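A.B. asks: Structure: target28.cif, mmCIF, C-alpha atoms (C1' of nucleotides).
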data_data
#
loop_
_atom_site.label_atom_id
_atom_site.label_comp_id
_atom_site.auth_asym_id
_atom_site.auth_seq_id
_atom_site.Cartn_x
_atom_site.Cartn_y
_atom_site.Cartn_z
CA MET T 1 29.15 7.97 12.89
CA THR T 2 28.38 5.22 15.35
CA VAL T 3 27.00 6.34 18.63
CA ILE T 4 25.68 2.88 19.10
CA ASP T 5 27.22 0.63 21.70
CA HIS T 6 26.34 -3.00 21.18
CA ALA T 7 28.05 -3.95 24.43
CA ALA T 8 26.01 -1.60 26.58
CA ARG T 9 23.28 -2.87 28.87
CA THR T 10 20.87 -0.54 27.13
CA PRO T 11 19.39 -2.26 24.05
CA VAL T 12 20.51 -0.84 20.73
CA TYR T 13 16.95 -0.08 19.70
CA ARG T 14 16.56 2.11 22.76
CA GLN T 15 19.84 3.89 22.19
CA ILE T 16 18.60 4.81 18.74
CA GLY T 17 15.12 5.53 20.00
CA ASP T 18 16.42 7.82 22.69
CA ARG T 19 18.44 9.74 20.17
CA LEU T 20 15.36 10.21 18.05
CA ARG T 21 13.39 11.17 21.11
CA ASP T 22 15.95 13.80 22.00
CA ALA T 23 15.80 15.14 18.46
CA ILE T 24 12.03 15.30 18.65
CA GLU T 25 12.13 17.14 21.95
CA ARG T 26 14.71 19.55 20.55
CA GLY T 27 12.25 20.34 17.79
CA GLU T 28 14.31 18.83 15.00
CA TYR T 29 11.27 16.74 14.19
CA PRO T 30 8.23 18.93 14.88
CA PRO T 31 4.73 17.46 15.25
CA GLY T 32 3.68 15.92 11.96
CA ALA T 33 7.24 15.50 10.71
CA ARG T 34 8.33 12.19 9.30
CA LEU T 35 11.12 10.43 11.09
CA PRO T 36 13.90 8.57 9.31
CA SER T 37 12.54 5.37 7.84
CA GLU T 38 13.59 1.93 8.97
CA ALA T 39 15.91 1.76 5.96
CA ASP T 40 17.38 5.14 6.91
CA LEU T 41 18.18 3.91 10.40
CA VAL T 42 19.65 0.73 9.00
CA ARG T 43 21.96 2.80 6.80
CA GLU T 44 22.78 5.39 9.41
CA TYR T 45 23.48 3.11 12.35
CA GLY T 46 24.46 -0.09 10.63
CA VAL T 47 21.83 -2.11 12.45
CA ALA T 48 19.37 -4.71 11.25
CA ARG T 49 15.94 -3.70 10.15
CA GLY T 50 14.36 -5.40 13.13
CA THR T 51 16.35 -3.14 15.39
CA ALA T 52 15.31 -0.06 13.46
CA ARG T 53 11.69 -1.19 13.71
CA ALA T 54 12.09 -1.69 17.43
CA ALA T 55 13.33 1.88 17.76
CA HIS T 56 10.19 3.13 16.04
CA ARG T 57 8.00 0.89 18.17
CA TYR T 58 9.72 2.19 21.27
CA LEU T 59 8.75 5.74 20.37
CA VAL T 60 5.21 4.59 19.64
CA ARG T 61 5.06 3.07 23.11
CA LEU T 62 6.15 6.42 24.48
CA GLY T 63 3.27 8.05 22.64
CA LEU T 64 5.63 10.23 20.63
CA VAL T 65 5.23 8.64 17.24
CA GLU T 66 2.65 7.05 14.99
CA VAL T 67 3.62 4.56 12.31
CA GLU T 68 1.59 4.28 9.14
CA PRO T 69 2.03 1.39 6.71
CA GLY T 70 3.48 2.45 3.41
CA ARG T 71 3.96 6.02 4.63
CA GLY T 72 6.38 6.24 7.45
CA ALA T 73 6.80 7.11 11.12
CA TYR T 74 5.44 10.47 12.13
CA VAL T 75 5.72 12.63 15.21
CA VAL T 76 2.31 12.82 16.85
CA GLU T 77 0.50 16.11 16.47
CA ALA T 78 -0.74 16.73 19.98
CA GLN T 79 1.54 16.33 22.95
CA PRO T 80 1.03 17.37 26.61
CA MET Q 1 -12.69 6.11 7.28
CA THR Q 2 -15.55 4.07 8.58
CA VAL Q 3 -14.82 0.47 7.91
CA ILE Q 4 -11.15 0.36 7.19
CA ASP Q 5 -8.76 -0.50 9.94
CA HIS Q 6 -5.10 -0.44 9.04
CA ALA Q 7 -4.23 -1.81 12.46
CA ALA Q 8 -6.36 -4.92 12.04
CA ARG Q 9 -4.76 -8.26 11.22
CA THR Q 10 -7.06 -8.54 8.23
CA PRO Q 11 -5.52 -6.79 5.22
CA VAL Q 12 -7.32 -3.68 4.08
CA TYR Q 13 -7.91 -5.08 0.60
CA ARG Q 14 -9.76 -8.00 2.13
CA GLN Q 15 -11.83 -5.79 4.42
CA ILE Q 16 -13.00 -3.91 1.34
CA GLY Q 17 -13.40 -7.10 -0.68
CA ASP Q 18 -15.48 -8.71 2.04
CA ARG Q 19 -17.78 -5.71 2.13
CA LEU Q 20 -18.28 -5.95 -1.60
CA ARG Q 21 -18.83 -9.68 -1.31
CA ASP Q 22 -21.50 -9.13 1.31
CA ALA Q 23 -23.17 -6.59 -0.95
CA ILE Q 24 -23.08 -9.06 -3.83
CA GLU Q 25 -24.60 -11.79 -1.71
CA ARG Q 26 -27.28 -9.42 -0.50
CA GLY Q 27 -28.21 -8.83 -4.12
CA GLU Q 28 -27.09 -5.22 -4.22
CA TYR Q 29 -24.93 -6.19 -7.16
CA PRO Q 30 -26.83 -8.86 -9.09
CA PRO Q 31 -25.11 -11.08 -11.68
CA GLY Q 32 -23.83 -8.93 -14.52
CA ALA Q 33 -23.79 -5.76 -12.47
CA ARG Q 34 -20.73 -3.57 -12.50
CA LEU Q 35 -18.97 -3.09 -9.22
CA PRO Q 36 -17.49 0.23 -8.10
CA SER Q 37 -14.39 0.99 -10.12
CA GLU Q 38 -10.92 1.14 -8.65
CA ALA Q 39 -11.19 4.92 -8.60
CA ASP Q 40 -14.53 4.63 -6.80
CA LEU Q 41 -12.97 2.50 -4.08
CA VAL Q 42 -10.06 4.88 -3.79
CA ARG Q 43 -12.49 7.74 -3.22
CA GLU Q 44 -14.82 5.84 -0.96
CA TYR Q 45 -12.28 4.20 1.31
CA GLY Q 46 -9.35 6.54 1.05
CA VAL Q 47 -6.95 3.79 0.03
CA ALA Q 48 -4.32 3.61 -2.67
CA ARG Q 49 -5.28 2.31 -6.07
CA GLY Q 50 -3.17 -0.79 -5.60
CA THR Q 51 -5.27 -1.68 -2.58
CA ALA Q 52 -8.48 -1.15 -4.54
CA ARG Q 53 -7.14 -3.35 -7.30
CA ALA Q 54 -6.25 -6.00 -4.74
CA ALA Q 55 -9.84 -5.95 -3.47
CA HIS Q 56 -11.10 -6.65 -7.00
CA ARG Q 57 -8.51 -9.38 -7.50
CA TYR Q 58 -9.58 -10.93 -4.22
CA LEU Q 59 -13.15 -11.25 -5.48
CA VAL Q 60 -11.87 -12.68 -8.75
CA ARG Q 61 -9.98 -15.30 -6.76
CA LEU Q 62 -13.24 -16.15 -5.01
CA GLY Q 63 -14.88 -16.64 -8.40
CA LEU Q 64 -17.42 -13.92 -7.74
CA VAL Q 65 -16.15 -11.28 -10.13
CA GLU Q 66 -14.63 -10.87 -13.56
CA VAL Q 67 -12.52 -7.86 -14.45
CA GLU Q 68 -12.46 -6.56 -18.01
CA PRO Q 69 -9.85 -4.05 -19.18
CA GLY Q 70 -11.33 -0.70 -20.06
CA ARG Q 71 -14.77 -1.79 -18.85
CA GLY Q 72 -14.82 -2.60 -15.18
CA ALA Q 73 -15.38 -5.34 -12.63
CA TYR Q 74 -18.55 -7.35 -13.09
CA VAL Q 75 -20.40 -9.86 -10.95
CA VAL Q 76 -20.17 -13.25 -12.66
CA GLU Q 77 -23.31 -14.45 -14.36
CA ALA Q 78 -23.40 -18.09 -13.31
CA GLN Q 79 -23.24 -19.04 -9.68
CA PRO Q 80 -23.39 -22.56 -8.19
"C1'" DT Z 1 -12.76 9.79 -38.52
"C1'" DT Z 2 -10.91 11.99 -34.24
"C1'" DT Z 3 -11.32 13.24 -29.60
"C1'" DC Z 4 -12.19 12.57 -24.94
"C1'" DA Z 5 -13.26 10.56 -20.40
"C1'" DT Z 6 -13.30 6.40 -17.98
"C1'" DT Z 7 -11.35 2.14 -16.66
"C1'" DT Z 8 -8.03 -1.40 -16.13
"C1'" DG Z 9 -2.88 -3.00 -16.97
"C1'" DT Z 10 1.76 -2.45 -15.80
"C1'" DC Z 11 5.89 -0.74 -13.81
"C1'" DC Z 12 8.49 1.93 -10.63
"C1'" DG Z 13 10.14 3.31 -5.94
"C1'" DT Z 14 9.45 3.56 -1.07
"C1'" DA Z 15 7.79 1.95 3.37
"C1'" DT Z 16 5.86 -0.98 6.88
"C1'" DG Z 17 3.93 -5.89 8.50
"C1'" DT Z 18 4.93 -10.54 9.40
"C1'" DA Z 19 7.29 -14.84 9.49
"C1'" DT Z 20 11.25 -17.85 9.43
"C1'" DT Z 21 15.82 -19.22 10.19
"C1'" DA N 1 19.88 -9.18 17.14
"C1'" DA N 2 20.67 -10.32 12.44
"C1'" DA N 3 19.46 -11.87 7.74
"C1'" DT N 4 16.19 -13.02 4.55
"C1'" DA N 5 11.86 -13.50 2.23
"C1'" DC N 6 7.41 -12.35 1.22
"C1'" DA N 7 3.01 -9.72 1.95
"C1'" DT N 8 0.73 -5.45 2.32
"C1'" DA N 9 0.30 -0.55 1.39
"C1'" DC N 10 1.10 4.20 -0.56
"C1'" DG N 11 1.95 7.28 -4.58
"C1'" DG N 12 3.17 8.33 -9.12
"C1'" DA N 13 3.57 7.58 -14.10
"C1'" DC N 14 2.38 5.89 -18.45
"C1'" DA N 15 0.06 2.50 -21.51
"C1'" DA N 16 -3.93 0.12 -23.41
"C1'" DA N 17 -8.84 -0.88 -23.87
"C1'" DT N 18 -13.46 0.73 -24.00
"C1'" DG N 19 -17.22 3.56 -25.15
"C1'" DA N 20 -19.31 7.81 -26.06
"C1'" DA N 21 -19.26 12.54 -28.11
#
Could you express the structure from this file as structure tokens?

C.D. replies:
Amino acid sequence: MTVIDHAARTPVYRQIGDRLRDAIERGEYPPGARLPSEADLVREYGVARGTARAAHRYLVRLGLVEVEPGRGAYVVEAQP
Amino acid sequence: MTVIDHAARTPVYRQIGDRLRDAIERGEYPPGARLPSEADLVREYGVARGTARAAHRYLVRLGLVEVEPGRGAYVVEAQP
DNA sequence: TTTCATTTGTCCGTATGTATT
DNA sequence: AAATACATACGGACAAATGAA
């Protein structure tokens, strides 16, 4: 199930991040929900862990997600 | 939690350990005194037990503390 | 003696942080 | 971006040591 296009101009981490963002905005991951872990993304998309991390970081930059060491990546509670 | 900053570059166990070290050097825990237990640190700082243990170990590495199974963590008696 | 609470010791699994190559 | 290694952190479970009831 590879939606990921390594040849695209859009970085892989953002392709994955955008998919997660869409899922969040669709309500599949409501506020407070835990997103797939880095390892999950590695398994699901066949990417390196650094890329999975970058996808999480990307969502953090967007203010959609908070990452907590040893716990996971969570959808932020309050959102305008 | 007041003092603990998971985002800091200093590991949490060392932030806690440094606070205990300061307290020891201020005389709040004189030689032979028992330090807060792992469970105490867990309660006080809201960290996992492994982190509390790491804080104790950190002070042992510094030569300030000795840990005794079933008894607790004690400030060493002799100090240069 | 046994029982119990407290405390540290160890192991497991999972997850993120950082650095190097 | 990938691959690897190690450090840090969380949570749970059970064992062992201690000391007091």

A.B. asks: Show me the residues close to (23.2, -12.9, 9.6) - anything with an atom within 12 Å, counting all atoms listed in the file - and format the list as a compact mmCIF listing (two decimals) with C-alpha atoms (C1' of nucleotides), keeping the file's coordinate frame.

C.D. replies:
# COMPACT_ATOMS: atom_id res chain seq x y z
CA VAL T 47 21.83 -2.11 12.45
CA ALA T 48 19.37 -4.71 11.25
CA ARG T 49 15.94 -3.70 10.15
C1' DT Z 21 15.82 -19.22 10.19
C1' DA N 1 19.88 -9.18 17.14
C1' DA N 2 20.67 -10.32 12.44
C1' DA N 3 19.46 -11.87 7.74
C1' DT N 4 16.19 -13.02 4.55

A.B. asks: Would you give me, as a Markdown table, each residue of chain Z having an atom within 12 Å of an atom of chain Q, along with its shortest atom pair and that distance in Å to one decimal, using only C-alpha atoms (C1' of nucleotides) and sorting by chain and residue number?

C.D. replies:
| residue | atom | partner | partner_atom | distance |
| --- | --- | --- | --- | --- |
| Z:DA5 | C1' | Q:Gly70 | CA | 11.4 |
| Z:DT6 | C1' | Q:Gly70 | CA | 7.7 |
| Z:DT7 | C1' | Q:Gly70 | CA | 4.4 |
| Z:DT8 | C1' | Q:Pro69 | CA | 4.4 |
| Z:DG9 | C1' | Q:Pro69 | CA | 7.4 |
| Z:DT10 | C1' | Q:Gly50 | CA | 11.4 |
| Z:DT16 | C1' | Q:His6 | CA | 11.2 |
| Z:DG17 | C1' | Q:Arg9 | CA | 9.4 |
| Z:DT18 | C1' | Q:Arg9 | CA | 10.1 |

A.B. asks: Just write the chosen residues, C-alpha atoms (C1' of nucleotides), as a PDB file, in the coordinates of the input.

C.D. replies:
ATOM      1  C1'  DA Z   5     -13.260  10.560 -20.400  1.00  0.00           C
ATOM      2  C1'  DT Z   6     -13.300   6.400 -17.980  1.00  0.00           C
ATOM      3  C1'  DT Z   7     -11.350   2.140 -16.660  1.00  0.00           C
ATOM      4  C1'  DT Z   8      -8.030  -1.400 -16.130  1.00  0.00           C
ATOM      5  C1'  DG Z   9      -2.880  -3.000 -16.970  1.00  0.00           C
ATOM      6  C1'  DT Z  10       1.760  -2.450 -15.800  1.00  0.00           C
ATOM      7  C1'  DT Z  16       5.860  -0.980   6.880  1.00  0.00           C
ATOM      8  C1'  DG Z  17       3.930  -5.890   8.500  1.00  0.00           C
ATOM      9  C1'  DT Z  18       4.930 -10.540   9.400  1.00  0.00           C
TER      10       DT Z  18
END

A.B. asks: Is it possible to get the superposed chain T, fitted on chain Q over all Cα pairs by sequence order, as a PDB file with C-alpha atoms, keeping the file's coordinate frame?

C.D. replies:
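And here's selection-v2.pdb as it stands now:
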ATOM      1  CA  MET T   1     -17.255   6.576   6.357  1.00  0.00           C
ATOM      2  CA  THR T   2     -14.229   4.480   7.168  1.00  0.00           C
ATOM      3  CA  VAL T   3     -14.929   0.924   8.051  1.00  0.00           C
ATOM      4  CA  ILE T   4     -11.371   0.160   7.217  1.00  0.00           C
ATOM      5  CA  ASP T   5      -8.955  -0.724   9.969  1.00  0.00           C
ATOM      6  CA  HIS T   6      -5.355  -0.419   8.890  1.00  0.00           C
ATOM      7  CA  ALA T   7      -4.173  -1.868  12.191  1.00  0.00           C
ATOM      8  CA  ALA T   8      -6.174  -5.063  11.889  1.00  0.00           C
ATOM      9  CA  ARG T   9      -4.527  -8.365  11.056  1.00  0.00           C
ATOM     10  CA  THR T  10      -6.886  -8.692   8.125  1.00  0.00           C
ATOM     11  CA  PRO T  11      -5.411  -6.934   5.064  1.00  0.00           C
ATOM     12  CA  VAL T  12      -7.224  -3.794   3.994  1.00  0.00           C
ATOM     13  CA  TYR T  13      -7.887  -5.190   0.541  1.00  0.00           C
ATOM     14  CA  ARG T  14      -9.727  -8.104   2.102  1.00  0.00           C
ATOM     15  CA  GLN T  15     -11.735  -5.897   4.415  1.00  0.00           C
ATOM     16  CA  ILE T  16     -12.933  -4.006   1.370  1.00  0.00           C
ATOM     17  CA  GLY T  17     -13.327  -7.168  -0.646  1.00  0.00           C
ATOM     18  CA  ASP T  18     -15.398  -8.789   2.047  1.00  0.00           C
ATOM     19  CA  ARG T  19     -17.674  -5.804   2.185  1.00  0.00           C
ATOM     20  CA  LEU T  20     -18.188  -6.015  -1.543  1.00  0.00           C
ATOM     21  CA  ARG T  21     -18.719  -9.731  -1.267  1.00  0.00           C
ATOM     22  CA  ASP T  22     -21.382  -9.211   1.360  1.00  0.00           C
ATOM     23  CA  ALA T  23     -23.067  -6.645  -0.860  1.00  0.00           C
ATOM     24  CA  ILE T  24     -22.998  -9.067  -3.759  1.00  0.00           C
ATOM     25  CA  GLU T  25     -24.493 -11.838  -1.668  1.00  0.00           C
ATOM     26  CA  ARG T  26     -27.173  -9.463  -0.402  1.00  0.00           C
ATOM     27  CA  GLY T  27     -28.104  -8.833  -4.012  1.00  0.00           C
ATOM     28  CA  GLU T  28     -27.004  -5.214  -4.063  1.00  0.00           C
ATOM     29  CA  TYR T  29     -24.843  -6.147  -7.017  1.00  0.00           C
ATOM     30  CA  PRO T  30     -26.779  -8.763  -8.997  1.00  0.00           C
ATOM     31  CA  PRO T  31     -25.088 -10.978 -11.601  1.00  0.00           C
ATOM     32  CA  GLY T  32     -23.837  -8.817 -14.441  1.00  0.00           C
ATOM     33  CA  ALA T  33     -23.745  -5.650 -12.349  1.00  0.00           C
ATOM     34  CA  ARG T  34     -20.662  -3.499 -12.380  1.00  0.00           C
ATOM     35  CA  LEU T  35     -18.885  -3.050  -9.105  1.00  0.00           C
ATOM     36  CA  PRO T  36     -17.374   0.238  -7.980  1.00  0.00           C
ATOM     37  CA  SER T  37     -14.271   0.960 -10.005  1.00  0.00           C
ATOM     38  CA  GLU T  38     -10.796   1.087  -8.547  1.00  0.00           C
ATOM     39  CA  ALA T  39     -11.064   4.881  -8.499  1.00  0.00           C
ATOM     40  CA  ASP T  40     -14.405   4.616  -6.695  1.00  0.00           C
ATOM     41  CA  LEU T  41     -12.870   2.466  -3.983  1.00  0.00           C
ATOM     42  CA  VAL T  42      -9.937   4.821  -3.702  1.00  0.00           C
ATOM     43  CA  ARG T  43     -12.346   7.709  -3.137  1.00  0.00           C
ATOM     44  CA  GLU T  44     -14.696   5.829  -0.871  1.00  0.00           C
ATOM     45  CA  TYR T  45     -12.169   4.177   1.413  1.00  0.00           C
ATOM     46  CA  GLY T  46      -9.221   6.496   1.110  1.00  0.00           C
ATOM     47  CA  VAL T  47      -6.883   3.712   0.062  1.00  0.00           C
ATOM     48  CA  ALA T  48      -4.288   3.495  -2.670  1.00  0.00           C
ATOM     49  CA  ARG T  49      -5.214   2.202  -6.057  1.00  0.00           C
ATOM     50  CA  GLY T  50      -3.133  -0.911  -5.563  1.00  0.00           C
ATOM     51  CA  THR T  51      -5.256  -1.776  -2.577  1.00  0.00           C
ATOM     52  CA  ALA T  52      -8.455  -1.220  -4.513  1.00  0.00           C
ATOM     53  CA  ARG T  53      -7.107  -3.451  -7.279  1.00  0.00           C
ATOM     54  CA  ALA T  54      -6.252  -6.107  -4.736  1.00  0.00           C
ATOM     55  CA  ALA T  55      -9.832  -6.039  -3.485  1.00  0.00           C
ATOM     56  CA  HIS T  56     -11.076  -6.694  -7.007  1.00  0.00           C
ATOM     57  CA  ARG T  57      -8.512  -9.434  -7.520  1.00  0.00           C
ATOM     58  CA  TYR T  58      -9.581 -11.017  -4.263  1.00  0.00           C
ATOM     59  CA  LEU T  59     -13.145 -11.291  -5.517  1.00  0.00           C
ATOM     60  CA  VAL T  60     -11.882 -12.694  -8.807  1.00  0.00           C
ATOM     61  CA  ARG T  61     -10.009 -15.362  -6.872  1.00  0.00           C
ATOM     62  CA  LEU T  62     -13.256 -16.184  -5.120  1.00  0.00           C
ATOM     63  CA  GLY T  63     -14.904 -16.632  -8.500  1.00  0.00           C
ATOM     64  CA  LEU T  64     -17.405 -13.878  -7.779  1.00  0.00           C
ATOM     65  CA  VAL T  65     -16.151 -11.243 -10.160  1.00  0.00           C
ATOM     66  CA  GLU T  66     -14.660 -10.816 -13.601  1.00  0.00           C
ATOM     67  CA  VAL T  67     -12.515  -7.823 -14.475  1.00  0.00           C
ATOM     68  CA  GLU T  68     -12.449  -6.487 -18.005  1.00  0.00           C
ATOM     69  CA  PRO T  69      -9.852  -3.963 -19.160  1.00  0.00           C
ATOM     70  CA  GLY T  70     -11.323  -0.600 -19.961  1.00  0.00           C
ATOM     71  CA  ARG T  71     -14.771  -1.693 -18.784  1.00  0.00           C
ATOM     72  CA  GLY T  72     -14.834  -2.510 -15.152  1.00  0.00           C
ATOM     73  CA  ALA T  73     -15.345  -5.272 -12.601  1.00  0.00           C
ATOM     74  CA  TYR T  74     -18.504  -7.273 -13.025  1.00  0.00           C
ATOM     75  CA  VAL T  75     -20.349  -9.799 -10.916  1.00  0.00           C
ATOM     76  CA  VAL T  76     -20.181 -13.159 -12.658  1.00  0.00           C
ATOM     77  CA  GLU T  77     -23.388 -14.318 -14.277  1.00  0.00           C
ATOM     78  CA  ALA T  78     -23.575 -17.916 -13.153  1.00  0.00           C
ATOM     79  CA  GLN T  79     -23.000 -18.865  -9.555  1.00  0.00           C
ATOM     80  CA  PRO T  80     -23.630 -22.194  -7.750  1.00  0.00           C
TER      81      PRO T  80
END

A.B. asks: How many Å separate atom C1' of Z:DA19 from atom C1' of N:DC6?

C.D. replies: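 Computing it gives 8.6 Å between the two atoms.
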
A.B. asks: In Å, how far is it from atom CA of Q:Ala54 to atom CA of Q:Tyr13?

C.D. replies: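 Separation between atom CA of Q:Ala54 and atom CA of Q:Tyr13: 5.7 Å.
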
A.B. asks: Select, as a ChimeraX atom specification, those residues of chain N with any atom no more than 12 Å from chain Q (distances computed using only C-alpha atoms (C1' of nucleotides)).

C.D. replies: /N:7-12,15-19

A.B. asks: Those same residues - C-alpha atoms (C1' of nucleotides) - I'd like them written as a JSON list (two decimals), in the coordinates of the input.

C.D. replies:
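Result file is again.json:
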[["chain", "number", "residue", "atom", "x", "y", "z"],
["N", 7, "DA", "C1'", 3.01, -9.72, 1.95],
["N", 8, "DT", "C1'", 0.73, -5.45, 2.32],
["N", 9, "DA", "C1'", 0.30, -0.55, 1.39],
["N", 10, "DC", "C1'", 1.10, 4.20, -0.56],
["N", 11, "DG", "C1'", 1.95, 7.28, -4.58],
["N", 12, "DG", "C1'", 3.17, 8.33, -9.12],
["N", 15, "DA", "C1'", 0.06, 2.50, -21.51],
["N", 16, "DA", "C1'", -3.93, 0.12, -23.41],
["N", 17, "DA", "C1'", -8.84, -0.88, -23.87],
["N", 18, "DT", "C1'", -13.46, 0.73, -24.00],
["N", 19, "DG", "C1'", -17.22, 3.56, -25.15]]

A.B. asks: Could you work out how far atom CA of T:Gly27 lies from atom CA of T:Glu66, giving the answer in Å with one decimal?

C.D. replies: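 One can read the atom CA of T:Glu66 to atom CA of T:Gly27 distance as 16.6 Å.
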
A.B. asks: Using only C-alpha atoms, pick whichever of Q:Asp22, Q:Glu28, Q:Asp5, Q:Asp40 has the shortest atom-to-atom distance to chain T.

C.D. replies: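 That would be Q:Asp5, the residue with the smallest distance to chain T.
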
A.B. asks: Using the chain letters and numbers from the file, which residues does the PyMOL selection byres ((chain Q and resi 76) around 9) grab, as a ChimeraX atom specification?

C.D. replies: /Q:30-33,63-66,74-75,77-79
